[in-house]
$ cat coords-v3.csv   # CSV, C-alpha atoms and all ligand atoms
chain,number,residue,atom,x,y,z
A,9,MET,CA,160.0,114.9,185.2
A,10,ASN,CA,161.1,111.9,183.3
A,11,THR,CA,158.7,109.1,184.2
A,12,THR,CA,158.4,105.6,182.8
A,13,GLY,CA,155.1,103.8,183.3
A,14,SER,CA,154.7,101.3,186.0
A,15,SER,CA,152.5,98.2,185.4
A,16,ILE,CA,149.3,98.8,187.2
A,17,GLU,CA,146.3,96.4,187.4
A,18,ARG,CA,143.1,97.9,186.0
A,19,PRO,CA,139.8,96.3,186.8
A,20,GLY,CA,138.2,94.7,183.8
A,21,VAL,CA,141.4,94.8,181.7
A,22,PRO,CA,142.8,91.3,181.1
A,23,VAL,CA,146.4,90.9,182.2
A,24,ALA,CA,148.7,88.7,180.2
A,25,THR,CA,149.8,85.4,181.8
A,26,PRO,CA,153.4,85.7,183.1
A,27,THR,CA,156.0,84.2,180.8
A,28,ILE,CA,157.0,80.7,182.1
A,29,GLU,CA,160.1,79.1,180.8
A,30,HIS,CA,161.4,75.6,181.5
A,31,ASP,CA,165.0,74.2,181.9
A,32,LEU,CA,166.5,77.7,181.5
A,33,SER,CA,170.2,78.3,182.1
A,34,LEU,CA,170.8,80.8,184.9
A,35,ARG,CA,174.4,81.4,184.0
A,36,ASP,CA,173.6,84.9,182.6
A,37,LEU,CA,171.2,85.7,185.4
A,38,ASN,CA,173.7,85.6,188.2
A,39,SER,CA,176.6,88.0,188.4
A,40,PHE,CA,179.0,85.2,189.5
A,41,GLY,CA,178.3,83.5,186.1
A,42,LEU,CA,177.8,80.2,187.8
A,43,PRO,CA,176.2,77.3,186.0
A,44,ALA,CA,172.7,76.3,187.1
A,45,VAL,CA,169.4,75.4,185.5
A,46,ALA,CA,165.9,76.5,186.6
A,47,ARG,CA,163.3,73.8,186.0
A,48,THR,CA,160.7,76.5,186.0
A,49,LEU,CA,161.2,80.3,185.7
A,50,ALA,CA,158.5,82.9,185.6
A,51,ARG,CA,159.0,86.5,184.6
A,52,VAL,CA,157.0,88.7,186.9
A,53,THR,CA,156.1,92.2,185.6
A,54,ASN,CA,153.3,93.1,188.1
A,55,GLU,CA,151.4,91.9,191.1
A,56,ALA,CA,148.7,90.3,188.9
A,57,ASP,CA,151.4,88.0,187.4
A,58,VAL,CA,152.3,86.8,190.9
A,59,ARG,CA,148.6,86.1,191.7
A,60,ARG,CA,148.1,84.2,188.5
A,61,LEU,CA,151.2,82.0,189.3
A,62,LEU,CA,149.9,81.3,192.7
A,63,ALA,CA,146.6,80.2,191.2
A,64,ASP,CA,148.4,77.9,188.7
A,65,PRO,CA,148.2,74.3,190.0
A,66,ARG,CA,151.8,73.5,188.8
A,67,CYS,CA,153.4,76.5,190.5
A,68,GLY,CA,151.1,77.7,193.2
A,69,ALA,CA,152.2,75.5,196.1
A,70,ALA,CA,155.8,74.9,195.0
A,71,PRO,CA,158.7,76.6,196.9
A,72,LYS,CA,159.7,79.9,195.3
A,73,LEU,CA,163.1,81.6,194.8
A,74,VAL,CA,162.9,85.3,194.1
A,75,LEU,CA,165.6,86.4,191.7
A,76,GLY,CA,166.5,90.1,191.1
A,77,GLY,CA,169.7,91.0,189.3
A,78,GLY,CA,171.3,87.8,190.7
A,79,SER,CA,174.2,89.9,192.2
A,80,ASN,CA,174.1,88.5,195.7
A,81,LEU,CA,173.5,84.8,195.0
A,82,VAL,CA,175.7,81.7,194.7
A,83,PHE,CA,174.2,78.8,192.9
A,84,SER,CA,175.9,75.8,194.4
A,85,ARG,CA,173.3,73.5,192.7
A,86,ASP,CA,170.2,73.8,190.5
A,87,PRO,CA,167.4,75.5,192.4
A,88,GLN,CA,164.5,73.1,193.0
A,89,ALA,CA,162.2,76.0,193.6
A,90,VAL,CA,160.2,77.9,191.0
A,91,VAL,CA,162.3,80.9,190.1
A,92,LEU,CA,160.5,84.2,190.0
A,93,LYS,CA,162.4,86.7,188.0
A,94,VAL,CA,161.3,90.1,189.1
A,95,GLU,CA,160.8,92.5,186.1
A,96,VAL,CA,158.5,95.1,187.6
A,97,MET,CA,159.5,98.5,186.1
A,98,GLY,CA,158.7,102.1,186.8
A,99,ARG,CA,160.2,105.2,188.3
A,100,ARG,CA,158.2,108.2,189.6
A,101,LEU,CA,158.2,111.0,192.1
A,102,VAL,CA,155.3,110.4,194.4
A,103,ALA,CA,155.7,113.3,196.8
A,104,GLU,CA,157.7,116.5,197.1
A,105,ARG,CA,157.6,117.5,200.7
A,106,PRO,CA,159.5,120.4,202.3
A,107,GLU,CA,161.7,117.9,204.1
A,108,ALA,CA,162.1,115.2,201.4
A,109,TRP,CA,161.5,113.9,197.8
A,110,ILE,CA,159.8,110.5,197.8
A,111,VAL,CA,160.4,108.4,194.7
A,112,GLU,CA,158.8,105.1,193.9
A,113,LEU,CA,160.7,102.5,191.9
A,114,GLY,CA,159.7,99.2,190.3
A,115,ALA,CA,161.7,96.3,191.9
A,116,GLY,CA,163.1,95.2,188.5
A,117,GLU,CA,164.8,98.6,187.8
A,118,SER,CA,168.6,98.6,187.8
A,119,TRP,CA,169.8,100.1,191.1
A,120,HIS,CA,172.7,102.0,189.6
A,121,GLU,CA,170.5,103.5,186.8
A,122,VAL,CA,168.1,104.7,189.4
A,123,VAL,CA,170.9,106.4,191.4
A,124,ALA,CA,172.0,108.2,188.2
A,125,TRP,CA,168.4,109.0,187.3
A,126,THR,CA,167.5,110.6,190.7
A,127,LEU,CA,170.7,112.7,190.5
A,128,GLY,CA,169.8,113.8,186.9
A,129,GLN,CA,166.3,114.8,188.1
A,130,GLY,CA,167.8,117.0,190.8
A,131,TRP,CA,167.0,114.7,193.7
A,132,PRO,CA,170.3,113.9,195.3
A,133,GLY,CA,170.9,111.6,198.2
A,134,LEU,CA,171.8,108.2,196.7
A,135,GLU,CA,175.2,109.1,195.3
A,136,ASN,CA,177.2,107.1,197.9
A,137,LEU,CA,175.4,104.0,196.7
A,138,ALA,CA,176.4,104.4,193.1
A,139,LEU,CA,177.6,101.4,191.0
A,140,ILE,CA,176.2,98.7,193.4
A,141,PRO,CA,175.2,95.9,191.1
A,142,GLY,CA,171.7,94.5,191.2
A,143,THR,CA,168.1,95.6,191.2
A,144,VAL,CA,166.0,97.9,193.3
A,145,GLY,CA,164.0,95.0,194.7
A,146,ALA,CA,167.1,93.3,196.0
A,147,ALA,CA,168.4,96.5,197.7
A,148,PRO,CA,166.2,96.2,200.8
A,149,VAL,CA,166.7,92.4,201.0
A,150,GLN,CA,170.3,92.8,202.1
A,151,ASN,CA,170.1,96.5,203.1
A,152,ILE,CA,172.8,97.5,200.6
A,153,GLY,CA,175.4,99.9,201.9
A,154,ALA,CA,178.6,101.7,200.9
A,155,TYR,CA,180.7,104.7,201.8
A,156,GLY,CA,178.9,105.5,205.0
A,157,LEU,CA,175.3,105.1,203.8
A,158,GLU,CA,172.8,102.2,203.9
A,159,LEU,CA,169.6,101.7,202.1
A,160,ALA,CA,167.8,101.9,205.4
A,161,ASP,CA,169.0,105.6,205.7
A,162,ARG,CA,167.0,106.5,202.6
A,163,PHE,CA,164.0,104.1,202.9
A,164,GLU,CA,160.4,105.1,203.1
A,165,SER,CA,158.4,101.9,202.5
A,166,LEU,CA,157.9,99.0,200.0
A,167,ASP,CA,155.1,96.9,198.6
A,168,ALA,CA,155.5,93.1,198.5
A,169,VAL,CA,153.2,90.3,197.5
A,170,ASP,CA,152.7,87.5,200.0
A,171,LEU,CA,153.6,84.4,198.1
A,172,VAL,CA,151.0,82.3,199.9
A,173,THR,CA,147.9,84.5,200.0
A,174,GLY,CA,148.8,86.7,196.9
A,175,ARG,CA,147.9,89.8,199.0
A,176,THR,CA,150.0,93.0,198.5
A,177,VAL,CA,151.3,94.4,201.8
A,178,THR,CA,153.1,97.7,202.4
A,179,LEU,CA,156.0,97.5,204.9
A,180,ASP,CA,157.8,100.4,206.6
A,181,ALA,CA,161.4,100.4,207.8
A,182,ARG,CA,160.5,98.9,211.2
A,183,ALA,CA,158.6,96.0,209.6
A,184,CYS,CA,161.6,95.3,207.3
A,185,ALA,CA,163.8,94.9,210.4
A,186,PHE,CA,166.9,96.2,208.7
A,187,GLY,CA,170.3,95.3,210.1
A,188,TYR,CA,173.9,95.3,208.7
A,189,ARG,CA,173.4,93.6,205.3
A,190,ASP,CA,170.3,92.0,206.7
A,191,SER,CA,166.5,92.4,206.7
A,192,ILE,CA,163.4,90.3,207.4
A,193,PHE,CA,163.5,89.2,203.7
A,194,LYS,CA,166.9,87.4,204.2
A,195,ARG,CA,165.7,85.6,207.3
A,196,ASP,CA,164.2,82.2,207.2
A,197,ALA,CA,160.5,81.6,208.2
A,198,ARG,CA,161.8,79.6,211.2
A,199,GLU,CA,163.4,82.8,212.5
A,200,GLY,CA,160.2,84.8,211.8
A,201,GLY,CA,161.6,86.0,208.5
A,202,LEU,CA,160.1,86.3,205.0
A,203,ALA,CA,162.8,84.6,202.8
A,204,GLY,CA,160.9,82.8,199.9
A,205,LYS,CA,157.6,84.0,201.4
A,206,SER,CA,157.3,87.4,199.8
A,207,LEU,CA,158.1,89.2,196.6
A,208,ILE,CA,159.0,92.9,196.6
A,209,THR,CA,157.4,94.8,193.8
A,210,ARG,CA,157.9,98.5,194.5
A,211,VAL,CA,160.3,100.4,196.8
A,212,ARG,CA,159.8,104.0,197.9
A,213,LEU,CA,162.9,106.0,198.9
A,214,ARG,CA,163.1,109.2,200.9
A,215,LEU,CA,165.7,111.7,199.8
A,216,PRO,CA,166.1,114.4,202.5
A,217,ARG,CA,166.0,118.1,201.8
A,218,PRO,CA,168.1,120.1,202.1
A,219,TRP,CA,170.7,117.6,200.7
A,220,GLN,CA,173.6,116.9,203.0
A,221,PRO,CA,176.7,115.1,201.9
A,222,VAL,CA,177.8,111.9,203.6
A,223,LEU,CA,181.6,112.2,203.6
A,224,GLY,CA,182.9,110.4,206.8
A,225,TYR,CA,184.3,107.4,204.9
A,226,LEU,CA,188.1,107.2,204.7
A,227,ASP,CA,188.2,106.8,200.9
A,228,LEU,CA,186.1,109.9,200.4
A,229,GLU,CA,188.1,111.9,202.9
A,230,ARG,CA,191.2,111.0,201.0
A,231,ARG,CA,189.6,112.2,197.7
A,232,MET,CA,188.7,115.5,199.4
A,233,ALA,CA,192.3,116.0,200.5
A,234,GLU,CA,193.7,115.0,197.1
A,235,THR,CA,191.4,117.3,195.1
A,236,GLY,CA,191.3,120.2,197.7
A,237,GLN,CA,187.5,120.1,197.4
A,238,ALA,CA,186.1,120.5,200.9
A,239,ALA,CA,182.5,120.8,199.9
A,240,PRO,CA,181.9,118.4,196.9
A,241,ASP,CA,178.4,118.4,195.3
A,242,ALA,CA,176.4,115.2,194.9
A,243,ARG,CA,177.5,114.7,191.3
A,244,THR,CA,181.2,114.9,192.4
A,245,ILE,CA,180.6,112.3,195.2
A,246,PHE,CA,178.8,110.1,192.7
A,247,GLU,CA,181.9,110.2,190.4
A,248,TRP,CA,184.3,109.6,193.3
A,249,VAL,CA,182.4,106.6,194.5
A,250,CYS,CA,182.3,105.2,190.9
A,251,ALA,CA,186.1,105.7,190.6
A,252,ILE,CA,186.8,104.2,194.0
A,253,ARG,CA,184.6,101.1,193.3
A,254,ARG,CA,186.1,100.6,189.8
A,255,ALA,CA,189.6,100.7,191.3
A,256,LYS,CA,188.9,98.2,194.0
A,257,LEU,CA,186.0,95.9,192.8
A,258,PRO,CA,185.8,93.7,189.8
A,259,ASP,CA,183.1,94.6,187.2
A,260,PRO,CA,180.8,91.6,187.1
A,261,ALA,CA,180.4,92.1,183.3
A,262,GLN,CA,184.1,91.1,183.0
A,263,ILE,CA,184.9,89.0,186.1
A,264,GLY,CA,182.1,87.0,187.7
A,265,ASN,CA,181.6,88.0,191.4
A,266,ALA,CA,179.0,88.9,194.0
A,267,GLY,CA,180.7,91.9,195.7
A,268,SER,CA,181.9,91.3,199.3
A,269,PHE,CA,181.6,87.6,199.9
A,270,PHE,CA,181.7,87.9,203.7
A,271,LYS,CA,180.2,90.4,206.2
A,272,ASN,CA,182.5,92.4,208.3
A,273,PRO,CA,182.4,90.6,211.6
A,274,ILE,CA,181.3,92.4,214.8
A,275,VAL,CA,183.1,91.5,218.0
A,276,SER,CA,183.1,92.7,221.6
A,277,ALA,CA,185.6,95.4,222.5
A,278,GLU,CA,187.4,92.9,224.7
A,279,GLN,CA,187.8,90.4,221.9
A,280,CYS,CA,189.1,93.2,219.7
A,281,ARG,CA,191.6,94.3,222.3
A,282,ASP,CA,192.8,90.7,222.5
A,283,ILE,CA,193.3,90.5,218.7
A,284,ILE,CA,195.0,93.9,218.6
A,285,GLY,CA,197.4,92.6,221.3
A,286,ARG,CA,198.5,89.9,218.8
A,287,ASP,CA,197.9,91.8,215.5
A,288,PRO,CA,198.3,95.6,216.1
A,289,GLU,CA,197.5,96.5,212.5
A,290,ILE,CA,194.1,95.0,212.4
A,291,VAL,CA,191.6,97.3,210.7
A,292,HIS,CA,188.7,98.0,213.1
A,293,TYR,CA,185.9,100.5,213.5
A,294,PRO,CA,184.0,101.3,216.7
A,295,MET,CA,180.2,100.7,216.6
A,296,PRO,CA,177.7,103.0,218.3
A,297,ASP,CA,176.9,100.2,220.8
A,298,GLY,CA,180.6,99.9,221.9
A,299,ARG,CA,181.3,96.7,219.9
A,300,MET,CA,183.9,96.7,217.1
A,301,LYS,CA,183.5,95.9,213.4
A,302,LEU,CA,186.6,94.3,211.9
A,303,ALA,CA,187.5,94.5,208.2
A,304,ALA,CA,187.0,90.9,206.9
A,305,GLY,CA,189.1,91.8,203.8
A,306,TRP,CA,192.0,92.6,206.1
A,307,LEU,CA,191.6,89.3,208.1
A,308,ILE,CA,191.5,87.3,204.8
A,309,ASP,CA,194.4,89.2,203.4
A,310,ALA,CA,196.4,88.6,206.6
A,311,CYS,CA,195.9,84.8,206.1
A,312,GLY,CA,197.5,85.1,202.7
A,313,TRP,CA,194.5,84.5,200.5
A,314,LYS,CA,194.7,87.5,198.2
A,315,GLY,CA,195.1,86.3,194.6
A,316,LYS,CA,194.9,82.6,195.5
A,317,SER,CA,192.6,80.1,193.8
A,318,VAL,CA,190.8,76.8,194.5
A,319,GLY,CA,190.0,75.3,191.2
A,320,ARG,CA,188.5,78.0,189.0
A,321,ALA,CA,187.3,80.1,192.0
A,322,GLY,CA,189.6,82.7,193.3
A,323,VAL,CA,190.2,85.6,195.7
A,324,TYR,CA,190.4,89.0,193.9
A,325,GLU,CA,193.9,90.4,193.7
A,326,ARG,CA,192.8,94.0,194.7
A,327,GLN,CA,190.3,93.2,197.5
A,328,ALA,CA,190.5,90.0,199.5
A,329,LEU,CA,186.8,90.2,200.5
A,330,VAL,CA,185.7,89.5,197.0
A,331,LEU,CA,185.6,86.0,195.5
A,332,VAL,CA,185.7,85.8,191.8
A,333,ASN,CA,185.0,83.3,189.0
A,334,ARG,CA,188.3,82.9,187.1
A,335,GLY,CA,186.4,81.4,184.2
A,336,GLY,CA,184.1,78.4,184.2
A,337,ALA,CA,183.9,78.0,188.0
A,338,THR,CA,181.1,76.0,189.6
A,339,GLY,CA,179.2,77.1,192.7
A,340,ALA,CA,180.7,74.1,194.5
A,341,GLU,CA,184.2,75.5,193.8
A,342,VAL,CA,183.2,78.9,195.2
A,343,VAL,CA,181.7,77.2,198.3
A,344,THR,CA,184.9,75.1,198.8
A,345,LEU,CA,187.1,78.2,198.6
A,346,ALA,CA,184.8,80.1,201.0
A,347,ARG,CA,185.0,77.3,203.5
A,348,ALA,CA,188.8,77.1,203.3
A,349,ILE,CA,188.9,80.9,203.9
A,350,GLN,CA,186.5,80.6,206.9
A,351,GLU,CA,188.7,77.8,208.4
A,352,SER,CA,191.9,79.7,208.1
A,353,VAL,CA,190.5,82.9,209.5
A,354,TYR,CA,188.9,81.0,212.4
A,355,GLY,CA,192.2,79.1,213.0
A,356,ARG,CA,194.3,82.4,213.2
A,357,PHE,CA,191.8,84.9,214.7
A,358,GLY,CA,189.0,82.7,216.3
A,359,ILE,CA,186.4,84.6,214.2
A,360,ARG,CA,183.7,82.9,212.1
A,361,LEU,CA,183.2,84.8,208.9
A,362,GLU,CA,179.6,84.8,207.7
A,363,PRO,CA,178.9,84.8,204.0
A,364,GLU,CA,177.0,87.9,202.7
A,365,PRO,CA,175.4,86.4,199.5
A,366,VAL,CA,172.5,83.9,199.7
A,367,ILE,CA,173.8,80.4,198.9
A,368,VAL,CA,171.3,78.3,197.0
B,1,LIG,N1,191.7,95.6,203.4
B,1,LIG,C1,192.9,94.9,203.4
B,1,LIG,N2,193.1,93.9,202.4
B,1,LIG,C2,192.1,93.6,201.5
B,1,LIG,C3,190.9,94.3,201.6
B,1,LIG,C4,190.7,95.3,202.6
B,1,LIG,O1,193.8,95.2,204.2
B,1,LIG,O2,192.4,92.8,200.7
B,1,LIG,C5,191.5,96.7,204.4
B,1,LIG,C6,191.5,98.0,203.7
B,1,LIG,O3,192.7,98.5,203.5
B,1,LIG,C7,190.6,98.8,204.5
B,1,LIG,C8,189.7,97.8,205.2
B,1,LIG,O4,190.2,96.6,205.0
B,1,LIG,O5,191.4,99.5,205.5
B,1,LIG,C9,188.3,97.9,204.6
B,1,LIG,O6,188.2,97.8,203.2
B,1,LIG,P1,187.2,98.6,202.3
B,1,LIG,O7,187.2,100.1,202.7
B,1,LIG,O8,187.5,98.3,200.9
B,1,LIG,O9,185.8,98.2,202.7
B,1,LIG,P2,185.3,96.7,203.0
B,1,LIG,O10,185.1,96.6,204.5
B,1,LIG,O11,186.1,95.7,202.4
B,1,LIG,C10,182.7,97.4,202.8
B,1,LIG,C11,181.5,96.8,202.2
B,1,LIG,C12,181.5,97.0,200.7
B,1,LIG,C13,181.4,98.5,200.5
B,1,LIG,C14,182.7,99.2,201.2
B,1,LIG,C15,182.6,100.7,201.1
B,1,LIG,C16,180.9,94.9,203.6
B,1,LIG,C17,180.9,93.4,203.7
B,1,LIG,N3,181.5,95.4,202.5
B,1,LIG,O12,183.9,96.7,202.3
B,1,LIG,O13,180.3,96.5,200.2
B,1,LIG,O14,181.4,98.9,199.1
B,1,LIG,O15,182.7,98.8,202.6
B,1,LIG,O16,181.7,101.1,202.0
B,1,LIG,O17,180.3,95.5,204.4
B,1,LIG,C18,179.3,94.6,199.2
B,1,LIG,O18,178.5,94.5,200.2
B,1,LIG,O19,179.2,93.8,198.3
B,1,LIG,C19,180.3,95.6,199.2
B,1,LIG,C20,181.1,95.7,198.1
$ encode --input "coords-v3.csv" --output "structure tokens"
Amino acid sequence: MNTTGSSIERPGVPVATPTIEHDLSLRDLNSFGLPAVARTLARVTNEADVRRLLADPRCGAAPKLVLGGGSNLVFSRDPQAVVLKVEVMGRRLVAERPEAWIVELGAGESWHEVVAWTLGQGWPGLENLALIPGTVGAAPVQNIGAYGLELADRFESLDAVDLVTGRTVTLDARACAFGYRDSIFKRDAREGGLAGKSLITRVRLRLPRPWQPVLGYLDLERRMAETGQAAPDARTIFEWVCAIRRAKLPDPAQIGNAGSFFKNPIVSAEQCRDIIGRDPEIVHYPMPDGRMKLAAGWLIDACGWKGKSVGRAGVYERQALVLVNRGGATGAEVVTLARAIQESVYGRFGIRLEPEPVIV
């Protein structure tokens, strides 16, 4: 087994103070490449770092912004909060049960590298979630999902430090209250959520045995038909997902973006019928509860936004759901473009699109 060490507190062994930086540019720390400056940024490599920060009179009581890979964030201004950059590392198999492998991952690990690592170790199950940008710690925050699978489907538990008390708590899936691109960590304290109140340090995933492919998504069915492979293995699915994503989604290393900018809206069956009456081609998927999920990309495309720009922020040419930085965009330009799209979709379809990334 290929295991990298995780940072563990040992009684009696002094733990280095977390690195604190001031007036640090965040441009390279957000996948949109938006300009913003952190007045105070602390790099957190373990739970003890968090507790030391909380004990620090300059940082302890200040509001906190937890930053992972910065792939689901829009900086519309400089954050006033103390930025906690999560760099907790470590990957290990913690249990091998007849029905599942349980792996534990540091929150600062790269999500995609972890997907590739588990496959390489012979523990498949994450292949549909390949190439999603960002870190392991950010994955439960918005319950990442793609090609018929969500993080919640593979989740066992996580450890998080309470940013008020400094205590480490372990949360199971129920406590995380996962929803579509949503969890308790995205919700504000006023709604009973933990946004800004808690820092995820470690995530445990459950990879079911025997492995079963998840192939219901249209793009994957198409690949099966094209290649004549009716029973692809996990490695093949991984490669298909990487190829599909590369064809549709911009690589943040080349074009700044935060993946899908809006959630796919969910409407009642009645409202969907009404829209189909006017726009028969609308892409829609039935939900288990009878409601309908609409493809936001289709709605935005139908309003003529694909390839358009407002200032230096634009709508990606190959997928209207993705907003991009055409070079030197500000967060304010991205927000202006997003509002204009929301207004035109509302004007034509009567649907309010909700942003997927967190807007600071
Ligand atoms: N469509 C258009 N025009 C467009 C874009 C899409 O007509 O410009 C149509 C497509 O033809 C397709 C439908 O809309 O019939 C849905 O598009 P797609 O299959 O690309 O998926 P999506 O709904 O746009 C969602 C997730 C993605 C995830 C894919 C694959 C959300 C908000 N987005 O996109 O997640 O990778 O499904 O599972 O749920 C992300 O969250 O950042 C993300 C990329």
$ residues_near_ligand --input "coords-v3.csv" --ligand "ligand LIG 1 (chain B)" --cutoff "9 Å" --atoms "all atoms listed in the file" --output "count of residues only"
55
$ atom_distance --input "coords-v3.csv" --atom1 "CA of Leu113 in chain A" --atom2 "CA of Pro132 in chain A"
15.3 Å
$ closest_residue --input "coords-v3.csv" --among "A:Glu117, A:Asp196, A:Asp86, A:Glu278" --to "Arg299 in chain A" --atoms "only C-alpha atoms"
A:Glu278
$ residues_near_point --input "coords-v3.csv" --point "(185.8, 73.3, 196.2)" --cutoff "12 Å" --atoms "all atoms listed in the file" --output "ChimeraX atom specification"
/A:84,317-322,337-349
$ atom_distance --input "coords-v3.csv" --atom1 "CA of Gly312 in chain A" --atom2 "CA of Met295 in chain A"
27.1 Å
$ residues_around --input "coords-v3.csv" --residues "Arg214 in chain A" --least-positions-apart "3" --cutoff "7 Å" --atoms "all atoms listed in the file" --output "JSON, numbers by chain"
{"A": [108, 109, 110, 111, 162, 163, 164]}
$ residues_around --input "coords-v3.csv" --residues "Leu61 in chain A" --least-positions-apart "2" --cutoff "12 Å" --atoms "only C-alpha atoms" --output "PyMOL selection string"
chain A and resi 24-28+48-59+63-72+90-92+169+171-174
$ closest_residue --input "coords-v3.csv" --among "A:Arg195, A:Arg175, A:His30, A:Arg243" --to "Gly128 in chain A" --atoms "all atoms listed in the file"
A:Arg243
$ atom_distance --input "coords-v3.csv" --atom1 "CA of Leu32 in chain A" --atom2 "CA of Lys93 in chain A"
11.8 Å
$ closest_residue --input "coords-v3.csv" --among "A:Glu29, A:Trp248, A:Pro218, A:Gly41" --to "Glu234 in chain A" --atoms "all atoms listed in the file"
A:Trp248
$ closest_residue --input "coords-v3.csv" --among "A:Ala160, A:Cys184, A:Ile208, A:Arg100" --to "Thr126 in chain A" --atoms "all atoms listed in the file"
A:Arg100
$ closest_residue --input "coords-v3.csv" --among "A:Lys301, A:Gly76, A:Leu134, A:Leu228" --to "Gln279 in chain A" --atoms "only C-alpha atoms"
A:Lys301
$ closest_residue --input "coords-v3.csv" --among "A:Gly335, A:Glu95, A:Val177, A:Ala183" --to "Gln262 in chain A" --atoms "all atoms listed in the file"
A:Gly335
$ residues_around --input "coords-v3.csv" --residues "Gly187 in chain A" --least-positions-apart "3" --cutoff "8 Å" --atoms "only C-alpha atoms" --output "list of chain:residue names"
A:Asn151, A:Asp190, A:Ser191
$ build_atoms --input "coords-v3.csv" --residues "range 199-204 of chain A" --atoms "all heavy atoms" --output "mmCIF file, in the frame of the given file"
data_model
loop_
_atom_site.group_PDB
_atom_site.id
_atom_site.type_symbol
_atom_site.label_atom_id
_atom_site.label_comp_id
_atom_site.auth_asym_id
_atom_site.auth_seq_id
_atom_site.Cartn_x
_atom_site.Cartn_y
_atom_site.Cartn_z
ATOM 1 N N GLU A 199 162.953 81.691 211.654
ATOM 2 C CA GLU A 199 163.400 82.800 212.500
ATOM 3 C C GLU A 199 162.428 83.971 212.441
ATOM 4 O O GLU A 199 162.788 85.104 212.747
ATOM 5 C CB GLU A 199 164.776 83.313 212.085
ATOM 6 C CG GLU A 199 165.855 82.292 211.862
ATOM 7 C CD GLU A 199 166.984 82.906 211.011
ATOM 8 O OE1 GLU A 199 167.645 83.841 211.478
ATOM 9 O OE2 GLU A 199 167.175 82.455 209.866
ATOM 10 N N GLY A 200 161.227 83.700 211.937
ATOM 11 C CA GLY A 200 160.200 84.800 211.800
ATOM 12 C C GLY A 200 160.463 85.642 210.591
ATOM 13 O O GLY A 200 159.894 86.730 210.473
ATOM 14 N N GLY A 201 161.281 85.157 209.643
ATOM 15 C CA GLY A 201 161.600 86.000 208.500
ATOM 16 C C GLY A 201 160.672 85.673 207.287
ATOM 17 O O GLY A 201 159.738 84.869 207.382
ATOM 18 N N LEU A 202 160.952 86.344 206.169
ATOM 19 C CA LEU A 202 160.100 86.300 205.000
ATOM 20 C C LEU A 202 160.821 85.684 203.764
ATOM 21 O O LEU A 202 160.311 85.783 202.651
ATOM 22 C CB LEU A 202 159.547 87.645 204.626
ATOM 23 C CG LEU A 202 158.522 88.256 205.584
ATOM 24 C CD1 LEU A 202 158.168 89.679 205.153
ATOM 25 C CD2 LEU A 202 157.259 87.403 205.622
ATOM 26 N N ALA A 203 162.013 85.097 203.948
ATOM 27 C CA ALA A 203 162.800 84.600 202.800
ATOM 28 C C ALA A 203 161.887 83.535 202.065
ATOM 29 O O ALA A 203 161.342 82.617 202.679
ATOM 30 C CB ALA A 203 164.059 83.904 203.274
ATOM 31 N N GLY A 204 161.733 83.741 200.759
ATOM 32 C CA GLY A 204 160.900 82.800 199.900
ATOM 33 C C GLY A 204 159.431 82.960 200.147
ATOM 34 O O GLY A 204 158.648 82.233 199.532
#
